[in-house]
Each structure stands twice: as structure tokens, then as C-alpha cells.
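Just query_18.csv here, CSV, C-alpha atoms:
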```csv
chain,number,residue,atom,x,y,z
L,10,MET,CA,0.0,0.0,0.0
L,11,LYS,CA,1.4,3.4,-1.0
L,12,THR,CA,1.9,6.1,1.6
L,13,PRO,CA,0.4,9.5,1.1
L,14,VAL,CA,3.9,10.9,0.3
L,15,ALA,CA,4.4,8.2,-2.3
L,16,GLU,CA,1.0,8.8,-3.8
L,17,LYS,CA,1.8,12.5,-4.0
L,18,LYS,CA,5.1,11.8,-5.7
L,19,VAL,CA,3.4,9.6,-8.3
L,20,LYS,CA,0.7,12.2,-9.0
L,21,LYS,CA,3.4,14.9,-9.4
L,22,GLN,CA,5.3,12.7,-11.9
L,23,SER,CA,2.1,12.0,-13.8
L,24,VAL,CA,1.3,15.7,-14.2
L,25,ARG,CA,4.9,16.3,-15.3
L,26,ASN,CA,4.5,13.6,-17.9
L,27,VAL,CA,1.4,15.1,-19.3
L,28,PHE,CA,3.0,18.6,-19.6
L,29,ALA,CA,6.2,17.1,-20.9
L,30,LEU,CA,4.4,15.2,-23.7
L,31,GLY,CA,2.4,18.3,-24.4
L,32,PHE,CA,5.5,20.5,-24.9
L,33,VAL,CA,7.1,17.7,-27.0
L,34,SER,CA,4.2,18.1,-29.4
L,35,PHE,CA,4.3,21.9,-29.1
L,36,PHE,CA,7.9,22.1,-30.3
L,37,THR,CA,7.5,19.3,-32.8
L,38,ASP,CA,4.4,20.9,-34.4
L,39,MET,CA,6.2,24.3,-34.4
L,40,SER,CA,9.0,22.6,-36.3
L,41,SER,CA,6.6,20.8,-38.6
L,42,GLU,CA,4.4,23.7,-39.5
L,43,MET,CA,7.5,25.9,-40.2
L,44,VAL,CA,8.2,23.3,-42.9
L,45,PHE,CA,4.8,22.2,-44.1
L,46,SER,CA,3.3,25.7,-44.5
L,47,LEU,CA,6.0,26.2,-47.2
L,48,LEU,CA,6.3,22.7,-48.6
L,49,PRO,CA,3.6,22.9,-51.3
L,50,THR,CA,5.1,26.1,-52.7
L,51,PHE,CA,8.6,24.7,-52.5
L,52,LEU,CA,7.6,21.4,-54.2
L,53,LEU,CA,5.6,23.0,-57.0
L,54,GLY,CA,8.7,25.1,-57.8
L,55,LEU,CA,10.9,22.0,-58.4
L,56,PRO,CA,11.4,20.7,-62.0
L,57,GLY,CA,9.0,18.0,-62.9
L,58,SER,CA,6.5,18.6,-60.1
L,59,SER,CA,2.8,19.1,-60.2
L,60,ARG,CA,-0.4,19.1,-58.1
L,61,THR,CA,-0.8,15.5,-58.9
L,62,VAL,CA,2.7,14.7,-57.6
L,63,LEU,CA,1.8,16.7,-54.4
L,64,GLY,CA,-1.3,14.6,-53.9
L,65,LEU,CA,0.6,11.4,-54.5
L,66,ILE,CA,3.2,12.3,-52.0
L,67,GLU,CA,0.8,13.4,-49.3
L,68,GLY,CA,-1.6,10.4,-49.8
L,69,THR,CA,1.2,7.8,-49.7
L,70,ALA,CA,2.9,9.4,-46.7
L,71,GLU,CA,-0.4,9.6,-44.6
L,72,ALA,CA,-1.5,6.1,-45.5
L,73,LEU,CA,1.8,4.6,-44.4
L,74,SER,CA,1.7,6.7,-41.2
L,75,TYR,CA,-1.7,5.3,-40.2
L,76,ALA,CA,-0.7,1.7,-41.0
L,77,LEU,CA,2.4,2.0,-38.9
L,78,ARG,CA,0.4,3.2,-35.9
L,79,ALA,CA,-1.2,-0.2,-35.6
L,80,VAL,CA,2.3,-1.9,-35.7
L,81,SER,CA,3.9,0.4,-33.2
L,82,GLY,CA,0.9,0.1,-30.9
L,83,PHE,CA,1.2,-3.7,-30.9
L,84,PHE,CA,4.9,-3.7,-30.2
L,85,SER,CA,4.6,-1.2,-27.4
L,86,ASP,CA,2.2,-3.6,-25.7
L,87,LYS,CA,4.4,-6.6,-26.6
L,88,PHE,CA,7.5,-5.1,-24.9
L,89,LYS,CA,5.6,-2.9,-22.4
L,90,LYS,CA,7.7,0.0,-23.5
L,91,ARG,CA,6.3,3.3,-24.6
L,92,LYS,CA,9.1,5.9,-24.3
L,93,ILE,CA,11.5,4.2,-26.7
L,94,PHE,CA,9.0,4.2,-29.5
L,95,VAL,CA,8.0,7.8,-28.7
L,96,LEU,CA,11.7,8.8,-28.8
L,97,LEU,CA,12.5,7.0,-32.0
L,98,GLY,CA,9.4,8.3,-33.8
L,99,TYR,CA,10.1,11.9,-32.8
L,100,ALA,CA,13.8,11.6,-33.5
L,101,LEU,CA,13.2,10.3,-37.1
L,102,SER,CA,10.7,13.0,-37.9
L,103,ASN,CA,12.8,15.8,-36.5
L,104,ALA,CA,16.0,14.6,-38.1
L,105,VAL,CA,14.7,14.3,-41.7
L,106,LYS,CA,12.5,17.5,-41.9
L,107,PRO,CA,15.5,19.9,-42.3
L,108,LEU,CA,16.7,17.7,-45.2
L,109,PHE,CA,14.0,19.3,-47.4
L,110,ALA,CA,16.6,22.1,-47.7
L,111,VAL,CA,18.8,19.9,-49.9
L,112,ALA,CA,15.9,18.4,-52.0
L,113,ARG,CA,16.4,19.0,-55.8
L,114,ALA,CA,13.7,16.9,-57.3
L,115,PRO,CA,10.1,15.7,-56.4
L,116,PHE,CA,11.5,12.2,-55.6
L,117,ASP,CA,13.8,13.7,-52.9
L,118,VAL,CA,10.7,15.4,-51.3
L,119,PHE,CA,8.8,12.1,-51.6
L,120,VAL,CA,11.6,10.1,-49.7
L,121,ILE,CA,11.9,12.8,-47.0
L,122,ARG,CA,8.1,13.3,-46.5
L,123,VAL,CA,7.5,9.5,-46.3
L,124,SER,CA,10.3,9.2,-43.7
L,125,GLU,CA,8.9,12.0,-41.7
L,126,ARG,CA,5.5,10.3,-41.6
L,127,VAL,CA,7.1,7.0,-40.7
L,128,GLY,CA,8.3,8.7,-37.6
L,129,LYS,CA,4.8,9.9,-36.8
L,130,GLY,CA,3.5,6.4,-37.3
L,131,VAL,CA,6.0,4.9,-34.9
L,132,ARG,CA,5.4,7.4,-32.1
L,133,THR,CA,1.6,8.2,-32.1
L,134,SER,CA,0.0,5.1,-30.6
L,135,PRO,CA,2.7,4.6,-27.9
L,136,ARG,CA,2.6,8.3,-27.1
L,137,ASP,CA,-1.2,8.3,-26.6
L,138,THR,CA,-0.9,5.1,-24.5
L,139,LEU,CA,1.8,6.7,-22.4
L,140,LEU,CA,-0.4,9.8,-22.0
L,141,CYS,CA,-3.4,7.8,-20.8
L,142,GLU,CA,-1.2,5.7,-18.4
L,143,SER,CA,0.1,8.9,-16.8
L,144,VAL,CA,-3.3,10.0,-15.4
L,145,SER,CA,-6.3,8.5,-13.7
L,146,GLU,CA,-9.4,7.8,-15.7
L,147,LYS,CA,-11.2,10.7,-14.1
L,148,ARG,CA,-8.6,13.2,-15.5
L,149,ARG,CA,-7.9,11.6,-18.9
L,150,GLY,CA,-10.1,14.0,-20.9
L,151,ALA,CA,-8.4,17.0,-19.4
L,152,ALA,CA,-5.0,15.5,-20.1
L,153,PHE,CA,-5.7,14.9,-23.7
L,154,GLY,CA,-7.3,18.3,-23.9
L,155,LEU,CA,-4.1,19.9,-22.6
L,156,HIS,CA,-2.0,17.9,-25.0
L,157,ARG,CA,-4.1,18.8,-28.0
L,158,THR,CA,-4.0,22.5,-26.9
L,159,LEU,CA,-0.2,22.6,-26.7
L,160,ASP,CA,0.0,20.6,-30.0
L,161,GLN,CA,-2.1,23.1,-31.8
L,162,ALA,CA,-0.4,26.1,-30.2
L,163,GLY,CA,2.8,24.9,-31.9
L,164,ALA,CA,0.9,24.6,-35.2
L,165,ILE,CA,0.0,28.3,-34.9
L,166,VAL,CA,3.4,29.5,-33.8
L,167,GLY,CA,5.3,27.5,-36.5
L,168,PRO,CA,4.0,29.4,-39.6
L,169,VAL,CA,4.4,32.7,-37.8
L,170,VAL,CA,8.1,32.0,-37.1
L,171,ALA,CA,8.6,30.9,-40.7
L,172,SER,CA,7.0,34.0,-42.1
L,173,ALA,CA,8.9,36.3,-39.7
L,174,ALA,CA,12.2,34.6,-40.6
L,175,MET,CA,11.6,35.2,-44.3
L,176,LEU,CA,10.1,38.8,-44.0
L,177,ILE,CA,12.4,40.2,-41.2
L,178,LEU,CA,15.6,38.2,-41.4
L,179,GLY,CA,15.6,37.6,-45.2
L,180,PHE,CA,15.6,33.8,-44.9
L,181,THR,CA,14.9,31.7,-48.0
L,182,ILE,CA,12.5,28.7,-47.9
L,183,ARG,CA,15.5,26.3,-47.6
L,184,ASP,CA,16.9,28.4,-44.7
L,185,VAL,CA,13.6,28.0,-42.9
L,186,PHE,CA,13.8,24.2,-43.4
L,187,TRP,CA,17.2,24.2,-41.6
L,188,LEU,CA,15.8,26.5,-38.9
L,189,SER,CA,13.1,23.9,-38.1
L,190,LEU,CA,15.9,21.7,-36.6
L,191,ILE,CA,16.0,23.9,-33.5
L,192,PRO,CA,12.5,23.4,-32.0
L,193,GLY,CA,12.7,19.7,-33.2
L,194,THR,CA,15.8,19.2,-31.1
L,195,ILE,CA,14.3,20.9,-28.0
L,196,ALA,CA,11.4,18.3,-28.3
L,197,LEU,CA,13.9,15.5,-28.2
L,198,PHE,CA,15.7,16.8,-25.1
L,199,ILE,CA,12.3,17.0,-23.3
L,200,ILE,CA,11.6,13.4,-24.1
L,201,LEU,CA,15.1,12.3,-22.9
L,202,PHE,CA,15.0,14.1,-19.6
L,203,LEU,CA,11.4,14.8,-18.6
L,204,VAL,CA,9.2,12.1,-20.0
L,205,LYS,CA,9.1,9.0,-17.8
L,206,GLU,CA,8.0,5.4,-18.7
L,207,ARG,CA,4.7,4.3,-17.1
L,208,ALA,CA,4.1,0.8,-18.6
L,209,SER,CA,4.3,-2.4,-16.6
L,210,LYS,CA,6.9,-5.1,-17.0
L,211,SER,CA,7.2,-7.1,-20.2
L,212,THR,CA,5.5,-10.4,-21.0
L,213,SER,CA,6.6,-12.9,-23.6
L,214,GLU,CA,3.1,-14.3,-23.9
L,215,PHE,CA,1.6,-11.3,-25.8
L,216,LYS,CA,0.7,-12.4,-29.3
L,217,LEU,CA,-0.5,-10.2,-32.2
L,218,LEU,CA,-3.6,-12.0,-33.2
L,219,ALA,CA,-4.6,-12.8,-29.7
L,220,GLY,CA,-4.1,-9.2,-28.7
L,221,ILE,CA,-6.2,-7.9,-31.5
L,222,LYS,CA,-8.9,-10.4,-30.8
L,223,SER,CA,-9.0,-9.5,-27.1
L,224,ALA,CA,-9.0,-5.7,-27.8
L,225,LEU,CA,-12.0,-6.1,-30.2
L,226,LYS,CA,-14.1,-7.8,-27.6
L,227,GLY,CA,-17.3,-6.2,-26.3
L,228,ASN,CA,-18.2,-2.6,-26.9
L,229,PHE,CA,-14.8,-1.5,-28.4
L,230,SER,CA,-15.6,-3.1,-31.8
L,231,LEU,CA,-19.0,-1.3,-31.8
L,232,LEU,CA,-17.3,2.0,-31.0
L,233,LEU,CA,-14.9,1.5,-33.9
L,234,VAL,CA,-17.8,0.9,-36.3
L,235,ILE,CA,-19.4,4.2,-35.3
L,236,VAL,CA,-16.1,6.1,-35.4
L,237,GLY,CA,-15.4,4.5,-38.8
L,238,VAL,CA,-18.8,5.5,-40.2
L,239,PHE,CA,-18.3,9.1,-39.1
L,240,SER,CA,-14.8,9.2,-40.5
L,241,LEU,CA,-16.1,8.0,-43.8
L,242,GLY,CA,-18.0,11.2,-44.0
L,243,SER,CA,-15.5,13.7,-42.5
L,244,PHE,CA,-13.0,15.6,-44.5
L,245,ASN,CA,-9.8,17.6,-43.9
L,246,PHE,CA,-9.3,21.3,-43.6
L,247,SER,CA,-8.3,21.6,-47.3
L,248,PHE,CA,-12.0,21.6,-48.2
L,249,VAL,CA,-12.7,24.3,-45.7
L,250,LEU,CA,-10.1,26.5,-47.4
L,251,LEU,CA,-11.5,25.6,-50.8
L,252,ASN,CA,-15.0,26.7,-49.6
L,253,ALA,CA,-13.5,30.0,-48.5
L,254,GLN,CA,-11.8,30.5,-51.9
L,255,GLU,CA,-15.1,29.7,-53.7
L,256,ALA,CA,-16.8,32.2,-51.4
L,257,GLY,CA,-14.6,34.9,-52.8
L,258,ILE,CA,-12.1,35.3,-50.1
L,259,ALA,CA,-8.8,36.6,-51.6
L,260,ASP,CA,-5.9,34.1,-51.8
L,261,SER,CA,-3.8,36.4,-49.6
L,262,LEU,CA,-6.4,36.0,-46.8
L,263,ILE,CA,-6.8,32.3,-47.0
L,264,PRO,CA,-4.0,31.8,-44.4
L,265,LEU,CA,-6.1,33.8,-42.0
L,266,VAL,CA,-9.0,31.3,-42.6
L,267,TYR,CA,-6.6,28.5,-41.8
L,268,ALA,CA,-5.5,30.4,-38.7
L,269,ALA,CA,-9.2,30.6,-37.6
L,270,VAL,CA,-9.4,26.8,-37.8
L,271,ASN,CA,-6.3,26.4,-35.6
L,272,VAL,CA,-7.4,29.0,-33.1
L,273,ALA,CA,-10.8,27.5,-32.6
L,274,HIS,CA,-9.2,24.0,-32.4
L,275,THR,CA,-6.8,25.2,-29.7
L,276,ALA,CA,-9.4,27.2,-27.7
L,277,ILE,CA,-11.9,24.3,-27.3
L,278,ALA,CA,-9.6,21.3,-26.6
L,279,ILE,CA,-9.2,21.7,-22.9
L,280,PRO,CA,-12.9,22.7,-22.2
L,281,ALA,CA,-14.0,19.7,-24.3
L,282,GLY,CA,-11.7,17.3,-22.3
L,283,VAL,CA,-12.8,18.6,-18.9
L,284,LEU,CA,-16.4,18.4,-19.9
L,285,SER,CA,-16.0,14.8,-21.1
L,286,ASP,CA,-14.6,13.9,-17.7
L,287,ARG,CA,-17.7,15.4,-16.0
L,288,ILE,CA,-20.6,14.2,-18.2
L,289,GLY,CA,-19.1,11.3,-20.1
L,290,LYS,CA,-16.8,11.1,-23.2
L,291,GLU,CA,-19.5,9.5,-25.4
L,292,LYS,CA,-21.9,12.4,-24.8
L,293,VAL,CA,-19.2,15.0,-25.8
L,294,MET,CA,-18.5,12.9,-28.9
L,295,VAL,CA,-22.1,13.3,-29.9
L,296,LEU,CA,-21.6,17.1,-29.4
L,297,GLY,CA,-18.5,17.0,-31.6
L,298,TYR,CA,-20.3,15.1,-34.3
L,299,GLY,CA,-23.1,17.5,-34.1
L,300,ILE,CA,-20.8,20.5,-34.6
L,301,PHE,CA,-19.4,18.8,-37.8
L,302,LEU,CA,-22.9,18.2,-39.1
L,303,SER,CA,-23.8,21.9,-38.5
L,304,THR,CA,-20.6,22.8,-40.3
L,305,THR,CA,-21.4,20.8,-43.4
L,306,LEU,CA,-25.0,22.2,-43.4
L,307,LEU,CA,-23.6,25.7,-43.6
L,308,ILE,CA,-21.7,24.8,-46.8
L,309,LEU,CA,-25.1,24.3,-48.4
L,310,PHE,CA,-25.9,28.0,-48.0
L,311,PRO,CA,-25.0,30.5,-50.7
L,312,ALA,CA,-21.3,31.2,-50.5
L,313,SER,CA,-20.2,34.4,-48.7
L,314,GLY,CA,-17.0,35.4,-46.9
L,315,TYR,CA,-18.8,35.6,-43.5
L,316,VAL,CA,-20.3,32.2,-43.8
L,317,ALA,CA,-17.0,30.7,-45.0
L,318,LEU,CA,-15.3,32.2,-41.9
L,319,LEU,CA,-18.0,30.7,-39.7
L,320,VAL,CA,-17.5,27.4,-41.4
L,321,ALA,CA,-13.8,27.6,-40.6
L,322,VAL,CA,-14.4,28.4,-36.9
L,323,MET,CA,-17.0,25.6,-36.5
L,324,TYR,CA,-14.7,23.1,-38.3
L,325,GLY,CA,-11.9,24.0,-35.9
L,326,ALA,CA,-14.2,23.5,-32.9
L,327,TYR,CA,-15.3,20.1,-34.2
L,328,ILE,CA,-11.7,19.0,-34.7
L,329,GLY,CA,-10.8,20.2,-31.2
L,330,VAL,CA,-13.7,18.3,-29.6
L,331,VAL,CA,-13.5,15.0,-31.5
L,332,GLU,CA,-9.7,14.6,-31.7
L,333,THR,CA,-9.4,15.3,-28.0
L,334,VAL,CA,-12.3,13.1,-26.7
L,335,GLN,CA,-11.9,10.2,-29.1
L,336,ARG,CA,-8.3,9.6,-28.1
L,337,ALA,CA,-9.3,9.9,-24.4
L,338,LEU,CA,-12.2,7.4,-24.9
L,339,ILE,CA,-10.2,4.5,-26.3
L,340,PRO,CA,-8.7,3.2,-23.0
L,341,ASP,CA,-12.2,3.0,-21.4
L,342,TYR,CA,-13.0,0.0,-23.7
L,343,VAL,CA,-9.9,-2.2,-23.4
L,344,GLU,CA,-7.7,-3.9,-20.8
L,345,LYS,CA,-4.7,-1.9,-19.6
L,346,GLY,CA,-2.2,-4.2,-21.3
L,347,LEU,CA,-3.9,-3.8,-24.7
L,348,ARG,CA,-4.1,0.0,-24.9
L,349,GLY,CA,-1.3,0.3,-27.4
L,350,THR,CA,-2.9,-2.3,-29.7
L,351,ALA,CA,-6.3,-0.6,-29.3
L,352,TYR,CA,-4.8,2.8,-30.3
L,353,GLY,CA,-3.2,1.1,-33.3
L,354,ILE,CA,-6.5,-0.4,-34.4
L,355,TYR,CA,-8.3,2.9,-33.9
L,356,TYR,CA,-5.8,4.8,-36.0
L,357,LEU,CA,-5.9,2.2,-38.7
L,358,VAL,CA,-9.7,2.4,-38.9
L,359,VAL,CA,-9.8,6.2,-38.8
L,360,GLY,CA,-7.0,6.6,-41.3
L,361,SER,CA,-8.4,4.2,-43.8
L,362,ALA,CA,-11.9,5.7,-43.6
L,363,PHE,CA,-10.5,9.3,-43.7
L,364,PHE,CA,-8.5,8.4,-46.9
L,365,VAL,CA,-11.7,7.1,-48.6
L,366,SER,CA,-13.7,10.1,-47.4
L,367,ASN,CA,-11.3,12.7,-48.8
L,368,ALA,CA,-11.2,10.9,-52.1
L,369,VAL,CA,-15.0,10.7,-52.3
L,370,VAL,CA,-15.6,14.3,-51.1
L,371,GLY,CA,-13.0,15.6,-53.5
L,372,THR,CA,-14.5,13.8,-56.4
L,373,LEU,CA,-18.1,14.9,-55.6
L,374,TRP,CA,-16.9,18.5,-55.1
L,375,GLU,CA,-15.0,18.4,-58.4
L,376,TYR,CA,-17.8,17.0,-60.6
L,377,PHE,CA,-21.0,17.9,-58.8
L,378,GLY,CA,-20.2,20.8,-56.6
L,379,SER,CA,-19.9,21.5,-52.8
L,380,SER,CA,-23.6,20.7,-52.2
L,381,ALA,CA,-23.2,17.1,-53.3
L,382,ALA,CA,-20.1,16.7,-51.2
L,383,SER,CA,-21.8,18.3,-48.2
L,384,THR,CA,-24.9,16.0,-48.6
L,385,TYR,CA,-22.6,13.0,-48.6
L,386,SER,CA,-20.9,14.1,-45.3
L,387,ILE,CA,-24.2,15.2,-43.7
L,388,THR,CA,-25.7,11.8,-44.3
L,389,LEU,CA,-22.9,9.8,-42.8
L,390,SER,CA,-22.4,12.1,-39.8
L,391,ALA,CA,-26.2,11.9,-39.1
L,392,VAL,CA,-26.0,8.1,-39.1
L,393,ALA,CA,-23.0,8.2,-36.8
L,394,ILE,CA,-24.8,10.6,-34.4
L,395,VAL,CA,-27.9,8.4,-34.2
L,396,ALA,CA,-25.6,5.3,-33.7
L,397,MET,CA,-23.6,7.0,-30.9
L,398,ILE,CA,-26.8,8.0,-29.1
L,399,VAL,CA,-28.1,4.4,-29.3
L,400,PHE,CA,-24.7,3.2,-28.1
L,401,VAL,CA,-24.7,5.5,-25.1
L,402,ARG,CA,-28.3,4.5,-24.1
L,403,ARG,CA,-27.4,0.8,-24.6
L,404,LYS,CA,-24.6,1.2,-22.1
L,405,MET,CA,-26.7,3.0,-19.4
```

Target format C-alpha cells, applied to this file:
Amino acid sequence: MKTPVAEKKVKKQSVRNVFALGFVSFFTDMSSEMVFSLLPTFLLGLPGSSRTVLGLIEGTAEALSYALRAVSGFFSDKFKKRKIFVLLGYALSNAVKPLFAVARAPFDVFVIRVSERVGKGVRTSPRDTLLCESVSEKRRGAAFGLHRTLDQAGAIVGPVVASAAMLILGFTIRDVFWLSLIPGTIALFIILFLVKERASKSTSEFKLLAGIKSALKGNFSLLLVIVGVFSLGSFNFSFVLLNAQEAGIADSLIPLVYAAVNVAHTAIAIPAGVLSDRIGKEKVMVLGYGIFLSTTLLILFPASGYVALLVAVMYGAYIGVVETVQRALIPDYVEKGLRGTAYGIYYLVVGSAFFVSNAVVGTLWEYFGSSAASTYSITLSAVAIVAMIVFVRRKM
């Protein structure tokens, strides 16, 4: 039995872990957005590049990233080690991003971008597992909310630093790529010296198929179906920016629309996490799905700058709620020793569905207009909302 002093020490270490992981994501996202806010312009300026090449690179990189999250989640459960996977993943990503500065052809960009996403795939499931193991169930929503807030704050600061370096200091795009090494390195030092392992001892009896089968027992598989249906109808921020452009917002102001998405995302993450701890994560998930449904309904209205900006703010709020609460919800449905595997399965389902969704939404938008794409998303999100409400009542 732990003494009050020992319990206080454990609690202090847990809080430190949450903040440490949050600042790791802050500095990594700062580094990433310094690079990725400029990467499309940089890539399209290389000989032999095109928008098709850009789409191929991004699609391949993201698909591989989501697939690797399932693998890293399993192995983190197998060896009961989270920190080593987190460190390796962040180290790979932060080491290769500055190498965009020496890229001379689209293939160079492809190799570096894929390598960076491999790092993200390696770290994400073990990191989320380590985060949930660092706090009690009653504080899990708040912990993920704090992490999401710091993560997005880095995403806001990164492009600002990149722009300031170019406008004030006269840096070139390639100079900014090298500059991204500084916040990336800070993130690695935080992992090395402040993040502590929280997993239990290893067991040689853990098997992949048995682990997946055990994780999918009970309500977790039903939850994945609902999340998968919703993800099949959701889309990424690119379509929000496209909607703003079609509404007549000038190209020079589109970055401000993107900033509105990130600010709303950042502002709502912690309140959403705290609320989920108080009233139930599933109920807040319904709220998040409802915000997305309302966002897609707005796209059906005649395009105007004000409506487009409102769409951006609501989309950011939806992302802040859903990406915070869904990640906090996963551990509630699986055994402690299977959390890494569960996160891996979750990311595989969400990533696969999201890939299909963006392809479908993009095709519908291209050939039939925004109304057809919105109707598709509205239908699936409505189905997911009804299913989640039934799911919640079934559990009560």
C-alpha cells in the first residue's frame, strides 16, 4: 500500500509527464508547420513537379503513417515500453525534416516526406498510450485536452516564425527548413530528460492475433464501427479552405482562414476534455459530431465570406472536440495491457476511412459541386450521431 507521500510523488510525476508530452508536441508541431506551411510552394517550384505529384506524396505518406500506428501500438504492448517508441518516432521526424533544404527533385521530397510520416506512425499510438497511463481515468479527458491545446499552439506558432524569418531576417525557404531543426531538437531533449516510462513489466506471452482479438471484444468493436462511419463522411481542412476560396475570399487572406481553424481548435480542446470527464466522453463525442454536421450544413448555404469564416471556426471547434475526446475514450473499452494495440487499431480504422472520405468528397466536389459533397458528409455524420446516441443508451 502506497503512503500519502508516495502517492503525492506519483501524482506529481504523472502531471509532469502530461505537460512534458504536451510540450514535446508543441515544439515538434512548431517545427513541422514551419516546414509544411511552405512545402507545397517549394515542391511545386521544383522541376517536374505538379499538383498530382503533391497529392501522391501526401496520400502515400499519410496512408503509411496510419498503417504503422497499428504496428507500433502492438509492439509497445508486446514489450511494455512506450518511451523508446516515442523517442525513436520523434527523432526520425525531427531529423529528416530539415533535409528538405537539400531536395532538388520531387523524388527527394517524396523520400523525406514519407520518412517523416514513418516517424509519426512509430510514435503516435505509444505516445497516446503513455499519456493515458500517466493520469487517472477521471482526469484523462483533461490530459488529452491539454496535450491537444499545446500541440495546436505549436501549429499556430510555426508558420508565424517561418514568415517572420523570411520577412524580417531575409531567410529563404531552404533556410527555414534548416531552422526547423532547433524546435525539433528541443522536443527530443524534453523526451530524454522529462518524459518517464509508465508501462508495466514485459511479458513474452503477448501475441499479435490474440491481442487484436482481445482488444476487439465487447463494446470496443461497436465503438470502432461508429467512429469508422463518421470518419467515412468527414474531410480535412483543405476543403474548408476551398470553400473559403469559392466564397470569394482573396488568396492572400486564405492563411487567415486556416488560422481561424487552428485558433478554434486550440481554444476548445481543454474545455472539451474537462467536460468529457464530467458528463461522459461519449456524450461529448455526440456534441462534436453535431458540430461537424452543422458545419457541413452551412456549406449548403450561398457562398459568402462571413459564412465561410464561420464554417472555418466551427470546423476547428469540431476537430478540437473530436480529436481530443476520441483519443481519451479508447482506453475505457480495453484492458490496460492492450491499450497500445487498441490505439493502433483505432488509428488504422480512422486513417483508412479518412483516406476514402477525402477521395469521395474531392470527387463529388469536383464533378457535382460543394452541395453534393456536403450532402454525402451530412448523411454519414447523421448516421453516426444516431448510432452513438443508441450506443450510449445501450450502455446505461

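Neighbours of L:Thr350 closer than or equal to 10 Å, with only C-alpha atoms counted and sequence neighbours fewer than 6 positions away skipped, come out as Arg78, Ala79, Val80, Ser81, Gly82, Phe83, Phe84, Ser85, Asp86, Lys87, Ser134, Pro135, Thr138, Leu217, Gly220, Ile221, Ser223, Ala224, Leu225, Val343 and Tyr356 of chain L.
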
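Nearest residue to L:Leu318, choosing from L:Ala151, L:Ala256, L:Leu108, L:Val131 and counting only C-alpha atoms: L:Ala256.
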
Check your understanding: What is the atom CA of L:Glu206-atom CA of L:Leu30 distance in Å, reported with one decimal?
Key -> 11.6 Å

Exercise for review: For the point (-22.9, 4.8, -26.6) in the file's frame, write as a list in words all residues with an atom no more than 9 Å away, counting all atoms listed in the file.
Suggested key: Asn228, Leu231, Leu232, Glu291, Lys292, Ala396, Met397, Ile398, Val399, Phe400, Val401, Arg402, Arg403, Lys404 and Met405 of chain L

Keeping only C-alpha atoms, take the residues you just selected and write them out as a PDB file, in the frame of the given file.
```pdb
ATOM      1  CA  ASN L 228     -18.200  -2.600 -26.900  1.00  0.00           C
ATOM      2  CA  LEU L 231     -19.000  -1.300 -31.800  1.00  0.00           C
ATOM      3  CA  LEU L 232     -17.300   2.000 -31.000  1.00  0.00           C
ATOM      4  CA  GLU L 291     -19.500   9.500 -25.400  1.00  0.00           C
ATOM      5  CA  LYS L 292     -21.900  12.400 -24.800  1.00  0.00           C
ATOM      6  CA  ALA L 396     -25.600   5.300 -33.700  1.00  0.00           C
ATOM      7  CA  MET L 397     -23.600   7.000 -30.900  1.00  0.00           C
ATOM      8  CA  ILE L 398     -26.800   8.000 -29.100  1.00  0.00           C
ATOM      9  CA  VAL L 399     -28.100   4.400 -29.300  1.00  0.00           C
ATOM     10  CA  PHE L 400     -24.700   3.200 -28.100  1.00  0.00           C
ATOM     11  CA  VAL L 401     -24.700   5.500 -25.100  1.00  0.00           C
ATOM     12  CA  ARG L 402     -28.300   4.500 -24.100  1.00  0.00           C
ATOM     13  CA  ARG L 403     -27.400   0.800 -24.600  1.00  0.00           C
ATOM     14  CA  LYS L 404     -24.600   1.200 -22.100  1.00  0.00           C
ATOM     15  CA  MET L 405     -26.700   3.000 -19.400  1.00  0.00           C
TER      16      MET L 405
END
```

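The spacing separating atom CA of L:Arg348 from atom CA of L:Val234 amounts to 17.8 Å.
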
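Comparing the minimum interatomic distances between L:Ala259 and each of L:Lys226, L:Ala393, L:Ala273, L:Ser313, counting only C-alpha atoms, we find that L:Ser313 sits nearest.
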
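Separating atom CA of L:Lys92 from atom CA of L:Lys129 is a distance of 13.8 Å.
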
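Residues with any atom within 10 Å of L:Ala268, counting all atoms listed in the file and excluding same-chain neighbours fewer than 5 positions away, are Ala164, Ile165, Pro168, Leu262, Ile263, Ala273, His274, Ala321, Val322 and Gly325 of chain L.
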
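Using all atoms listed in the file, the smallest distance between any of L:Leu53, L:Leu101, L:Leu338, L:Val27 and L:Phe229 comes from L:Leu338.
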
Return as AutoDock Vina command-line options the centre and edge lengths, in Å with one decimal, of the box along x, y and z that encloses every atom of stretch 105-110 of chain L in the file, padded by 5 Å per side.
```
--center_x 14.6 --center_y 18.2 --center_z -44.7 --size_x 14.2 --size_y 17.8 --size_z 16.0
```

Exercise for review: Measuring atom to atom with only C-alpha atoms, identify which of L:Tyr267, L:Phe35, L:Phe239, L:Trp187 is nearest to L:Val111.
Suggested key: L:Trp187

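Using only C-alpha atoms, the contacts of L:Ser379 at a cut-off of 8 Å, with sequence neighbours closer than 3 positions omitted, comprise Asn252, Ile308, Leu309, Leu373, Trp374, Ala382 and Ser383 of chain L.
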